[in-house]
$ cat target30.tsv   # TSV, C-alpha atoms and all ligand atoms
chain	number	residue	atom	x	y	z
S	1	MET	CA	23.75	200.63	-75.80
S	2	ASN	CA	24.75	200.43	-72.13
S	3	VAL	CA	24.36	196.95	-70.61
S	4	LEU	CA	24.53	196.38	-66.85
S	5	GLY	CA	25.51	192.93	-65.56
S	6	ILE	CA	25.09	191.65	-62.01
S	7	GLU	CA	26.52	188.37	-60.68
S	8	SER	CA	25.91	186.97	-57.17
S	9	SER	CA	25.61	183.19	-57.56
S	10	CYS	CA	28.26	182.18	-55.03
S	11	ASP	CA	31.02	184.02	-53.16
S	12	GLU	CA	31.79	186.80	-55.63
S	13	THR	CA	29.66	189.93	-55.96
S	14	SER	CA	30.30	191.50	-59.33
S	15	VAL	CA	28.90	194.43	-61.30
S	16	ALA	CA	29.92	195.15	-64.89
S	17	ILE	CA	28.98	197.59	-67.64
S	18	ILE	CA	29.39	197.00	-71.36
S	19	SER	CA	28.98	200.28	-73.20
S	20	ASN	CA	28.59	200.08	-76.99
S	21	ASP	CA	30.27	196.66	-76.97
S	22	VAL	CA	33.22	197.89	-74.91
S	23	LEU	CA	33.68	196.62	-71.34
S	24	THR	CA	34.00	199.77	-69.25
S	25	ALA	CA	33.80	198.21	-65.76
S	26	ASN	CA	34.04	194.72	-64.28
S	27	LEU	CA	34.22	195.07	-60.51
S	28	ILE	CA	34.56	191.89	-58.47
S	29	SER	CA	34.34	191.71	-54.69
S	30	SER	CA	35.46	188.31	-53.35
S	31	GLN	CA	34.20	187.09	-49.98
S	32	ASP	CA	37.50	185.86	-48.57
S	33	PHE	CA	36.10	185.25	-45.08
S	34	HIS	CA	34.63	181.87	-46.14
S	35	ALA	CA	38.17	180.41	-45.97
S	36	ASP	CA	37.84	180.42	-42.15
S	37	TYR	CA	34.95	177.93	-42.48
S	38	GLY	CA	36.57	175.65	-45.08
S	39	GLY	CA	33.91	176.45	-47.70
S	40	VAL	CA	31.18	178.90	-48.65
S	41	VAL	CA	28.56	179.54	-45.93
S	42	PRO	CA	25.39	180.38	-47.91
S	43	GLU	CA	23.73	182.70	-45.39
S	44	LEU	CA	26.90	184.73	-44.82
S	45	SER	CA	27.33	184.96	-48.57
S	46	SER	CA	23.83	186.43	-49.07
S	47	ARG	CA	24.43	189.05	-46.39
S	48	ALA	CA	27.75	190.10	-47.90
S	49	HIS	CA	26.19	190.41	-51.39
S	50	LEU	CA	23.49	192.63	-49.91
S	51	GLN	CA	26.03	195.00	-48.39
S	52	ILE	CA	28.27	195.37	-51.41
S	53	VAL	CA	26.05	195.27	-54.49
S	54	LYS	CA	24.88	198.90	-54.38
S	55	PRO	CA	28.35	200.42	-53.70
S	56	LEU	CA	29.72	198.29	-56.56
S	57	LEU	CA	27.01	199.60	-58.89
S	58	ASP	CA	27.89	203.19	-57.94
S	59	GLN	CA	31.58	202.53	-58.60
S	60	ALA	CA	30.89	200.82	-61.94
S	61	LEU	CA	28.79	203.77	-63.14
S	62	LYS	CA	31.46	206.24	-62.04
S	63	LYS	CA	34.19	204.25	-63.78
S	64	SER	CA	32.10	204.17	-66.96
S	65	ASN	CA	31.18	207.89	-66.78
S	66	LEU	CA	27.50	207.00	-66.80
S	67	LYS	CA	24.41	207.79	-64.75
S	68	LEU	CA	21.95	205.09	-63.71
S	69	SER	CA	19.44	206.49	-66.19
S	70	ASP	CA	21.92	205.86	-69.04
S	71	ILE	CA	21.58	202.07	-68.59
S	72	ASP	CA	19.56	200.53	-71.45
S	73	LEU	CA	19.52	196.84	-70.51
S	74	ILE	CA	19.76	195.10	-67.14
S	75	THR	CA	21.06	191.53	-66.86
S	76	ALA	CA	21.64	189.32	-63.83
S	77	THR	CA	22.57	185.73	-63.04
S	78	SER	CA	19.41	183.76	-62.35
S	79	GLY	CA	21.02	180.38	-61.57
S	80	PRO	CA	22.41	177.89	-60.98
S	81	GLY	CA	23.96	178.88	-57.67
S	82	LEU	CA	23.20	179.39	-53.99
S	83	ILE	CA	19.56	180.38	-53.90
S	84	GLY	CA	19.86	183.09	-51.21
S	85	ALA	CA	22.92	184.58	-52.90
S	86	LEU	CA	21.26	184.55	-56.32
S	87	LEU	CA	18.15	186.23	-54.94
S	88	VAL	CA	20.15	189.28	-53.83
S	89	GLY	CA	21.55	190.11	-57.28
S	90	LEU	CA	18.46	189.01	-59.13
S	91	THR	CA	16.02	191.00	-57.00
S	92	PHE	CA	18.28	194.05	-57.11
S	93	ALA	CA	18.41	193.83	-60.91
S	94	LYS	CA	14.66	193.38	-61.21
S	95	GLY	CA	14.13	196.37	-58.92
S	96	LEU	CA	16.34	198.49	-61.18
S	97	SER	CA	14.52	197.24	-64.27
S	98	PHE	CA	11.14	198.10	-62.76
S	99	SER	CA	12.11	201.54	-61.47
S	100	LEU	CA	14.05	202.58	-64.60
S	101	ASN	CA	11.53	200.94	-66.93
S	102	LYS	CA	14.33	199.21	-68.84
S	103	PRO	CA	14.36	195.63	-70.19
S	104	PHE	CA	15.66	192.80	-68.04
S	105	ILE	CA	17.38	189.56	-69.10
S	106	ALA	CA	17.92	186.64	-66.69
S	107	VAL	CA	21.18	184.87	-67.50
S	108	ASN	CA	22.13	181.27	-66.84
S	109	HIS	CA	25.48	181.36	-65.04
S	110	ILE	CA	26.94	178.47	-67.07
S	111	GLU	CA	26.02	180.22	-70.31
S	112	GLY	CA	27.87	183.24	-68.95
S	113	HIS	CA	31.01	181.10	-68.61
S	114	ILE	CA	30.47	179.39	-72.01
S	115	PHE	CA	30.59	182.67	-73.93
S	116	SER	CA	33.18	184.43	-71.73
S	117	GLY	CA	35.77	183.97	-74.50
S	118	PHE	CA	33.88	186.69	-76.40
S	119	LEU	CA	35.17	189.20	-73.83
S	120	MET	CA	38.64	188.72	-75.33
S	121	LYS	CA	40.06	190.55	-78.34
S	122	GLU	CA	40.55	187.24	-80.15
S	123	LYS	CA	37.09	185.62	-79.97
S	124	PRO	CA	35.99	182.00	-80.52
S	125	GLU	CA	34.76	181.22	-84.03
S	126	PHE	CA	31.56	179.18	-84.46
S	127	PRO	CA	31.22	176.28	-84.31
S	128	PHE	CA	33.50	175.81	-81.32
S	129	LEU	CA	34.17	173.29	-78.61
S	130	ALA	CA	33.72	174.65	-75.08
S	131	LEU	CA	35.20	173.01	-72.01
S	132	VAL	CA	33.46	174.48	-68.96
S	133	VAL	CA	35.28	173.64	-65.73
S	134	SER	CA	34.17	175.24	-62.49
S	135	GLY	CA	33.47	174.37	-58.87
S	136	GLY	CA	30.02	173.07	-59.79
S	137	HIS	CA	30.27	171.95	-63.43
S	138	THR	CA	32.42	169.98	-65.84
S	139	LEU	CA	30.90	170.20	-69.31
S	140	LEU	CA	32.08	169.53	-72.82
S	141	LEU	CA	29.89	171.36	-75.33
S	142	TYR	CA	29.57	171.84	-79.06
S	143	ILE	CA	28.53	175.45	-79.64
S	144	LYS	CA	27.01	176.08	-83.03
S	145	SER	CA	25.79	179.62	-82.42
S	146	PHE	CA	24.78	181.92	-79.57
S	147	THR	CA	21.50	180.01	-79.33
S	148	GLU	CA	22.45	176.43	-80.24
S	149	ILE	CA	24.33	174.48	-77.58
S	150	LEU	CA	24.83	170.72	-77.74
S	151	GLN	CA	25.99	168.97	-74.60
S	152	LEU	CA	28.52	166.24	-75.41
S	153	GLY	CA	29.60	165.31	-71.90
S	154	THR	CA	29.22	166.16	-68.23
S	155	THR	CA	30.49	164.82	-64.94
S	156	VAL	CA	28.66	161.82	-63.56
S	157	ASP	CA	29.65	162.75	-60.00
S	158	ASP	CA	31.96	165.53	-58.74
S	159	ALA	CA	32.98	168.58	-60.77
S	160	ALA	CA	36.67	169.09	-61.56
S	161	GLY	CA	36.93	172.20	-59.34
S	162	GLU	CA	35.20	170.36	-56.51
S	163	ALA	CA	37.87	167.62	-56.74
S	164	PHE	CA	40.61	170.27	-56.47
S	165	ASP	CA	38.85	171.75	-53.43
S	166	LYS	CA	38.37	168.38	-51.70
S	167	VAL	CA	41.94	167.17	-52.27
S	168	SER	CA	43.18	170.53	-51.01
S	169	LYS	CA	41.19	169.99	-47.82
S	170	MET	CA	42.66	166.48	-47.42
S	171	LEU	CA	46.16	167.93	-47.67
S	172	GLY	CA	45.33	170.68	-45.18
S	173	PHE	CA	45.65	173.53	-47.69
S	174	GLY	CA	42.11	174.86	-47.21
S	175	TYR	CA	39.65	176.64	-49.52
S	176	PRO	CA	39.59	177.49	-52.41
S	177	GLY	CA	41.71	174.52	-53.34
S	178	GLY	CA	42.54	175.07	-57.01
S	179	PRO	CA	45.16	177.81	-56.66
S	180	LYS	CA	46.69	176.11	-53.57
S	181	ILE	CA	47.03	172.70	-55.28
S	182	GLN	CA	48.50	174.43	-58.32
S	183	ALA	CA	51.12	176.26	-56.21
S	184	ALA	CA	52.12	173.06	-54.39
S	185	ALA	CA	52.18	171.09	-57.67
S	186	GLU	CA	54.76	173.49	-59.08
S	187	LYS	CA	57.20	172.22	-56.44
S	188	GLY	CA	56.27	168.55	-56.84
S	189	ASP	CA	56.88	165.56	-59.11
S	190	GLU	CA	53.76	164.76	-61.14
S	191	ASN	CA	55.03	161.26	-61.98
S	192	LYS	CA	55.59	160.27	-58.35
S	193	ILE	CA	52.16	158.69	-57.83
S	194	SER	CA	49.98	157.19	-60.51
S	195	PHE	CA	46.41	158.29	-59.78
S	196	PRO	CA	43.65	156.83	-61.99
S	197	ILE	CA	41.79	158.54	-64.84
S	198	ALA	CA	38.19	157.40	-65.27
S	199	VAL	CA	37.34	156.20	-68.74
S	200	LEU	CA	33.57	155.98	-69.07
S	201	LYS	CA	31.32	154.15	-71.50
S	202	ASP	CA	29.57	157.37	-72.46
S	203	GLU	CA	32.58	158.69	-74.32
S	204	TYR	CA	32.58	162.37	-73.40
S	205	ASN	CA	31.53	162.11	-69.75
S	206	PHE	CA	33.82	162.76	-66.79
S	207	SER	CA	34.11	161.26	-63.32
S	208	TYR	CA	36.12	162.71	-60.46
S	209	SER	CA	34.94	160.78	-57.40
S	210	GLY	CA	37.29	157.83	-58.14
S	211	LEU	CA	40.29	160.13	-58.36
S	212	LYS	CA	39.31	161.90	-55.16
S	213	THR	CA	38.89	158.56	-53.36
S	214	ALA	CA	42.25	157.33	-54.73
S	215	VAL	CA	43.95	160.31	-53.08
S	216	LEU	CA	42.15	159.59	-49.81
S	217	ARG	CA	43.12	155.87	-49.94
S	218	PHE	CA	46.73	156.81	-50.66
S	219	ILE	CA	46.80	158.97	-47.53
S	220	GLN	CA	45.12	156.27	-45.41
S	221	LYS	CA	47.50	153.58	-46.67
S	222	ASN	CA	50.73	155.48	-46.30
S	223	PHE	CA	50.18	157.67	-43.27
S	224	ASN	CA	48.89	156.71	-39.85
S	225	ASP	CA	46.02	158.75	-38.46
S	226	GLY	CA	47.37	162.15	-37.42
S	227	GLU	CA	50.82	161.49	-38.89
S	228	GLU	CA	52.34	164.57	-40.45
S	229	ILE	CA	52.70	164.39	-44.25
S	230	SER	CA	55.97	166.01	-45.34
S	231	GLU	CA	55.78	169.15	-47.45
S	232	GLN	CA	57.57	167.43	-50.33
S	233	MET	CA	55.09	164.55	-50.26
S	234	LYS	CA	52.18	167.04	-50.29
S	235	ASN	CA	53.75	168.73	-53.31
S	236	ASP	CA	54.19	165.40	-55.11
S	237	MET	CA	50.61	164.37	-54.31
S	238	SER	CA	49.31	167.73	-55.55
S	239	ALA	CA	51.29	167.44	-58.80
S	240	SER	CA	50.24	163.83	-59.39
S	241	PHE	CA	46.59	164.62	-58.65
S	242	GLN	CA	46.67	167.71	-60.87
S	243	LYS	CA	48.14	165.66	-63.74
S	244	ALA	CA	45.36	163.06	-63.53
S	245	ALA	CA	42.63	165.73	-63.23
S	246	VAL	CA	43.94	167.71	-66.21
S	247	ASP	CA	44.72	164.67	-68.40
S	248	ALA	CA	41.12	163.46	-68.01
S	249	LEU	CA	39.84	166.80	-69.38
S	250	ILE	CA	42.28	166.87	-72.30
S	251	LEU	CA	41.53	163.25	-73.23
S	252	ASN	CA	37.82	163.93	-73.80
S	253	CYS	CA	38.52	167.13	-75.73
S	254	GLU	CA	40.85	165.20	-78.00
S	255	LYS	CA	38.13	162.59	-78.65
S	256	ALA	CA	35.61	165.32	-79.45
S	257	LEU	CA	38.00	166.99	-81.89
S	258	LYS	CA	38.12	163.76	-83.87
S	259	ASN	CA	34.33	163.60	-84.22
S	260	TYR	CA	33.28	167.24	-84.41
S	261	ASP	CA	34.42	169.70	-86.99
S	262	VAL	CA	35.04	172.95	-85.11
S	263	ASN	CA	36.93	176.15	-85.77
S	264	SER	CA	37.96	176.92	-82.19
S	265	ILE	CA	38.31	175.52	-78.70
S	266	SER	CA	37.43	177.65	-75.67
S	267	LEU	CA	38.42	176.76	-72.12
S	268	VAL	CA	36.28	178.58	-69.53
S	269	GLY	CA	35.24	178.58	-65.84
S	270	GLY	CA	37.17	178.90	-62.59
S	271	VAL	CA	39.44	175.88	-63.24
S	272	ALA	CA	40.48	177.49	-66.55
S	273	ALA	CA	42.81	179.56	-64.36
S	274	ASN	CA	44.91	176.39	-63.95
S	275	LYS	CA	48.25	176.80	-65.73
S	276	LYS	CA	48.74	173.12	-66.60
S	277	LEU	CA	45.26	172.93	-68.08
S	278	ARG	CA	45.73	176.16	-70.09
S	279	LYS	CA	48.99	174.81	-71.47
S	280	GLY	CA	47.46	171.40	-72.27
S	281	ILE	CA	44.44	172.83	-74.11
S	282	THR	CA	46.64	175.29	-76.01
S	283	LYS	CA	48.90	172.45	-77.16
S	284	LEU	CA	45.92	170.28	-78.13
S	285	ALA	CA	44.47	173.12	-80.21
S	286	GLU	CA	47.80	173.78	-81.89
S	287	ASP	CA	48.27	170.08	-82.68
S	288	HIS	CA	44.84	170.05	-84.35
S	289	ASN	CA	45.26	173.38	-86.05
S	290	LYS	CA	42.39	175.03	-84.17
S	291	LYS	CA	42.11	178.51	-82.75
S	292	VAL	CA	42.21	178.51	-78.94
S	293	VAL	CA	40.49	181.09	-76.74
S	294	ILE	CA	41.09	181.04	-72.99
S	295	PRO	CA	39.76	184.11	-71.16
S	296	ALA	CA	42.05	186.28	-69.05
S	297	PHE	CA	42.05	185.37	-65.35
S	298	GLU	CA	39.51	188.08	-64.43
S	299	PHE	CA	36.99	186.42	-66.78
S	300	CYS	CA	37.69	182.80	-65.67
S	301	GLY	CA	36.29	183.05	-62.15
S	302	ASP	CA	32.82	184.39	-61.50
S	303	ASN	CA	32.37	187.88	-62.94
S	304	ALA	CA	29.56	190.11	-64.17
S	305	ALA	CA	31.23	190.99	-67.50
S	306	MET	CA	30.35	187.52	-68.81
S	307	ILE	CA	26.77	187.94	-67.54
S	308	ALA	CA	26.35	191.32	-69.29
S	309	LEU	CA	27.81	189.88	-72.49
S	310	ARG	CA	25.58	186.80	-72.42
S	311	GLY	CA	22.52	188.93	-71.60
S	312	LYS	CA	23.25	191.19	-74.57
S	313	THR	CA	23.58	188.23	-76.98
S	314	LEU	CA	20.22	186.87	-75.79
S	315	TYR	CA	18.62	190.31	-76.13
S	316	ASP	CA	20.05	190.62	-79.65
S	317	ALA	CA	18.62	187.16	-80.44
S	318	GLY	CA	15.16	188.52	-79.58
S	319	ILE	CA	14.82	186.94	-76.15
S	320	ARG	CA	12.81	188.96	-73.62
S	321	ASN	CA	12.18	188.13	-69.96
S	322	ASP	CA	9.57	189.66	-67.69
S	323	LEU	CA	10.07	190.23	-63.99
S	324	SER	CA	8.35	186.96	-63.05
S	325	THR	CA	11.17	185.02	-64.74
S	326	LYS	CA	12.10	181.82	-62.95
S	327	PRO	CA	15.72	180.66	-62.54
S	328	TYR	CA	17.47	178.99	-65.51
S	329	PRO	CA	15.35	180.44	-68.30
S	330	SER	CA	17.85	181.78	-70.86
S	331	LEU	CA	17.37	179.52	-73.85
S	332	GLY	CA	14.40	177.54	-72.60
S	333	GLU	CA	14.06	174.32	-74.55
S	334	ASN	CA	17.08	175.03	-76.69
S	335	TYR	CA	19.31	175.10	-73.66
S	336	PHE	CA	21.79	172.22	-73.93
S	337	SER	CA	19.56	170.83	-76.66
S	338	LYS	CA	20.58	167.67	-78.46
S	339	SER	CA	19.94	169.16	-81.86
S	340	GLY	CA	23.03	171.32	-82.19
S	341	LYS	CA	25.05	169.11	-84.52
S	401	LIG	O1	33.72	179.35	-61.92
S	401	LIG	P1	34.09	179.48	-60.48
S	401	LIG	O2	34.79	180.75	-60.03
S	401	LIG	O3	32.86	179.28	-59.56
S	401	LIG	C1	31.86	178.35	-59.88
S	401	LIG	O4	30.94	178.73	-60.67
S	401	LIG	O5	32.00	177.21	-59.39
S	401	LIG	O6	35.05	178.22	-60.15
S	401	LIG	C2	35.57	178.02	-58.86
S	401	LIG	C3	36.44	176.76	-58.87
S	401	LIG	C4	36.89	176.31	-57.49
S	401	LIG	O7	36.62	174.93	-57.36
S	401	LIG	C5	38.40	176.60	-57.50
S	401	LIG	O8	39.14	175.70	-56.67
S	401	LIG	C6	38.72	176.39	-58.95
S	401	LIG	O9	37.64	176.98	-59.66
S	401	LIG	N1	39.99	177.02	-59.34
S	401	LIG	C7	41.08	176.33	-59.78
S	401	LIG	C8	42.12	177.29	-59.97
S	401	LIG	N2	41.61	178.53	-59.65
S	401	LIG	C9	40.31	178.34	-59.27
S	401	LIG	N3	41.26	175.02	-60.01
S	401	LIG	C10	42.48	174.62	-60.44
S	401	LIG	N4	43.52	175.47	-60.61
S	401	LIG	C11	43.39	176.81	-60.40
S	401	LIG	N5	44.42	177.63	-60.58
S	402	ZN	ZN	31.13	180.08	-62.14

$ encode --input "target30.tsv" --output "structure tokens" --more "lines below"
Ligand code: KG4
Ligand code: ZN
Amino acid sequence: MNVLGIESSCDETSVAIISNDVLTANLISSQDFHADYGGVVPELSSRAHLQIVKPLLDQALKKSNLKLSDIDLITATSGPGLIGALLVGLTFAKGLSFSLNKPFIAVNHIEGHIFSGFLMKEKPEFPFLALVVSGGHTLLLYIKSFTEILQLGTTVDDAAGEAFDKVSKMLGFGYPGGPKIQAAAEKGDENKISFPIAVLKDEYNFSYSGLKTAVLRFIQKNFNDGEEISEQMKNDMSASFQKAAVDALILNCEKALKNYDVNSISLVGGVAANKKLRKGITKLAEDHNKKVVIPAFEFCGDNAAMIALRGKTLYDAGIRNDLSTKPYPSLGENYFSKSGK
């Protein structure tokens, strides 16, 4: 079976093909020009998706030695994301489905990330704990099966990736912040400044706005308006911020491991590219004798391989979508249901 995946929820256009359960193409075109604006400009993003999606499809088919008519199942991200950007990939996929007369599955982007560990040779084993950390989401989930997802915790304000991006902006590093903060942190002292970790009543939830504000207050208190912050101080602030941001994630995972009997832990989403976080989750898993699955870098950020894989699992579970499908359908009522445990 040849499964086509299309992803266009934000600033990456991606087309992937999974052929008889083997990933034969995962092409990702990143829209680097948004850096000039300090963040993603939705309208420019939509236009760029429109220009690149068809050439990417042609390349993916060529790389997979397939013709368009060989595709058996078409999957695309249906949300969440930038609505104009989503519409490009989604409408393109629906057009293909209609003209080729092949089934179509609309995939929830977060579910794509959740199951991205299954793209690896060593796969998560059910039930597993998933920590989803991206620019828009911070979720701790108990995954019982491909169709049973229990949400344990979420952010009550900013997402972890968003905090990295905002602190990066404050320090003048620009967008996207995660990799820039990480690079600066490698040259800094993470114990230099003690930034706070939010501990919430709802035990598995996260909060990042307090940490972000603490960094802002630190700058306001120690540097006059317009005063240059030394490179070493920026490195120390990056390292100290990164430590607080990562420790908060690990802390909740550790709590969940005490209360939920799982076989594996999977760290996914754009922030899963962070080296300190990868190391921390790996150590936590080892300490608790659990298998750890962290996708390779190409599957951490937005990519269509995870969309094709998720679409295939839904198709195999008997889910069918028609072309009038609204955004966020995937599992319907079961999605993030409270009945997983
Ligand atoms: O999953 P993703 O590619 O897009 C969304 O669905 O949001 O995640 C993007 C986020 C951005 O906030 C980016 O700053 C962050 O992932 N990120 C990182 C690193 N690489 C990307 N955060 C921390 N450390 C990194 N190395
Ligand atoms: Zn994402």

$ residues_near_ligand --input "target30.tsv" --ligand "ligand LIG 401 (chain S)" --cutoff "7 Å" --atoms "all atoms listed in the file" --output "number ranges by chain"
S: 134-137, 161-162, 164-165, 176-179, 181-182, 269-275, 300-302

$ residues_around --input "target30.tsv" --residues "range 312-318 of chain S" --least-positions-apart "4" --cutoff "9 Å" --atoms "all atoms listed in the file" --output "count of residues only"
12

$ residues_around --input "target30.tsv" --residues "Ala85 in chain S" --least-positions-apart "3" --cutoff "10 Å" --atoms "only C-alpha atoms" --output "CSV table (one decimal) with C-alpha atoms, in the frame of the given file"
chain,number,residue,atom,x,y,z
S,7,GLU,CA,26.5,188.4,-60.7
S,8,SER,CA,25.9,187.0,-57.2
S,9,SER,CA,25.6,183.2,-57.6
S,10,CYS,CA,28.3,182.2,-55.0
S,11,ASP,CA,31.0,184.0,-53.2
S,12,GLU,CA,31.8,186.8,-55.6
S,13,THR,CA,29.7,189.9,-56.0
S,42,PRO,CA,25.4,180.4,-47.9
S,43,GLU,CA,23.7,182.7,-45.4
S,44,LEU,CA,26.9,184.7,-44.8
S,45,SER,CA,27.3,185.0,-48.6
S,46,SER,CA,23.8,186.4,-49.1
S,47,ARG,CA,24.4,189.0,-46.4
S,48,ALA,CA,27.8,190.1,-47.9
S,49,HIS,CA,26.2,190.4,-51.4
S,50,LEU,CA,23.5,192.6,-49.9
S,79,GLY,CA,21.0,180.4,-61.6
S,81,GLY,CA,24.0,178.9,-57.7
S,82,LEU,CA,23.2,179.4,-54.0
S,88,VAL,CA,20.2,189.3,-53.8
S,89,GLY,CA,21.6,190.1,-57.3
S,90,LEU,CA,18.5,189.0,-59.1

$ closest_residue --input "target30.tsv" --among "S:Phe173, S:Phe33, S:Phe241, S:Phe126" --to "Lys212 in chain S" --atoms "all atoms listed in the file"
S:Phe241

$ axis_aligned_box --input "target30.tsv" --around "range 269-278 of chain S" --padding-each-side "6 Å" --output "AutoDock Vina command-line options"
--center_x 42.0 --center_y 176.2 --center_z -66.3 --size_x 25.5 --size_y 18.6 --size_z 19.5

$ closest_atom_pairs --input "target30.tsv" --of "range 215-330 of chain S" --to "range 19-27 of chain S" --cutoff "8 Å" --atoms "all atoms listed in the file" --output "Markdown table"
| residue | atom | partner | partner_atom | distance |
| --- | --- | --- | --- | --- |
| S:Asn303 | CA | S:Asn26 | CA | 7.2 |
| S:Ala304 | CA | S:Asn26 | CA | 6.4 |
| S:Ala305 | CA | S:Asn26 | CA | 5.7 |

$ residues_around --input "target30.tsv" --residues "Glu190 in chain S" --least-positions-apart "4" --cutoff "12 Å" --atoms "only C-alpha atoms" --output "PDB file with C-alpha atoms, keeping the file's coordinate frame"
ATOM      1  CA  ILE S 181      47.030 172.700 -55.280  1.00  0.00           C
ATOM      2  CA  GLN S 182      48.500 174.430 -58.320  1.00  0.00           C
ATOM      3  CA  ALA S 184      52.120 173.060 -54.390  1.00  0.00           C
ATOM      4  CA  ALA S 185      52.180 171.090 -57.670  1.00  0.00           C
ATOM      5  CA  GLU S 186      54.760 173.490 -59.080  1.00  0.00           C
ATOM      6  CA  SER S 194      49.980 157.190 -60.510  1.00  0.00           C
ATOM      7  CA  PHE S 195      46.410 158.290 -59.780  1.00  0.00           C
ATOM      8  CA  GLN S 232      57.570 167.430 -50.330  1.00  0.00           C
ATOM      9  CA  MET S 233      55.090 164.550 -50.260  1.00  0.00           C
ATOM     10  CA  LYS S 234      52.180 167.040 -50.290  1.00  0.00           C
ATOM     11  CA  ASN S 235      53.750 168.730 -53.310  1.00  0.00           C
ATOM     12  CA  ASP S 236      54.190 165.400 -55.110  1.00  0.00           C
ATOM     13  CA  MET S 237      50.610 164.370 -54.310  1.00  0.00           C
ATOM     14  CA  SER S 238      49.310 167.730 -55.550  1.00  0.00           C
ATOM     15  CA  ALA S 239      51.290 167.440 -58.800  1.00  0.00           C
ATOM     16  CA  SER S 240      50.240 163.830 -59.390  1.00  0.00           C
ATOM     17  CA  PHE S 241      46.590 164.620 -58.650  1.00  0.00           C
ATOM     18  CA  GLN S 242      46.670 167.710 -60.870  1.00  0.00           C
ATOM     19  CA  LYS S 243      48.140 165.660 -63.740  1.00  0.00           C
ATOM     20  CA  ALA S 244      45.360 163.060 -63.530  1.00  0.00           C
ATOM     21  CA  ALA S 245      42.630 165.730 -63.230  1.00  0.00           C
ATOM     22  CA  VAL S 246      43.940 167.710 -66.210  1.00  0.00           C
ATOM     23  CA  ASP S 247      44.720 164.670 -68.400  1.00  0.00           C
ATOM     24  CA  LYS S 276      48.740 173.120 -66.600  1.00  0.00           C
TER      25      LYS S 276
END

$ closest_residue --input "target30.tsv" --among "S:Leu249, S:Ile319, S:Leu152, S:Val132" --to "ligand ZN 402 (chain S)" --atoms "all atoms listed in the file"
S:Val132

$ closest_residue --input "target30.tsv" --among "S:Asp36, S:Asp225, S:Leu66, S:Phe92" --to "Ile52 in chain S" --atoms "only C-alpha atoms"
S:Phe92

$ atom_distance --input "target30.tsv" --atom1 "CA of Gly174 in chain S" --atom2 "CA of Tyr37 in chain S"
9.1 Å

$ atom_distance --input "target30.tsv" --atom1 "CA of Phe218 in chain S" --atom2 "CA of Met170 in chain S"
11.0 Å

$ residues_around --input "target30.tsv" --residues "Lys144 in chain S" --least-positions-apart "4" --cutoff "9 Å" --atoms "only C-alpha atoms" --output "ChimeraX atom specification"
/S:126-129,148-150,262,340-341

$ write_last_selection --input "target30.tsv" --atoms "C-alpha atoms" --output "PDB file, in the frame of the given file"
ATOM      1  CA  PHE S 126      31.560 179.180 -84.460  1.00  0.00           C
ATOM      2  CA  PRO S 127      31.220 176.280 -84.310  1.00  0.00           C
ATOM      3  CA  PHE S 128      33.500 175.810 -81.320  1.00  0.00           C
ATOM      4  CA  LEU S 129      34.170 173.290 -78.610  1.00  0.00           C
ATOM      5  CA  GLU S 148      22.450 176.430 -80.240  1.00  0.00           C
ATOM      6  CA  ILE S 149      24.330 174.480 -77.580  1.00  0.00           C
ATOM      7  CA  LEU S 150      24.830 170.720 -77.740  1.00  0.00           C
ATOM      8  CA  VAL S 262      35.040 172.950 -85.110  1.00  0.00           C
ATOM      9  CA  GLY S 340      23.030 171.320 -82.190  1.00  0.00           C
ATOM     10  CA  LYS S 341      25.050 169.110 -84.520  1.00  0.00           C
TER      11      LYS S 341
END

$ atom_distance --input "target30.tsv" --atom1 "CA of Leu86 in chain S" --atom2 "CA of Leu119 in chain S"
22.8 Å
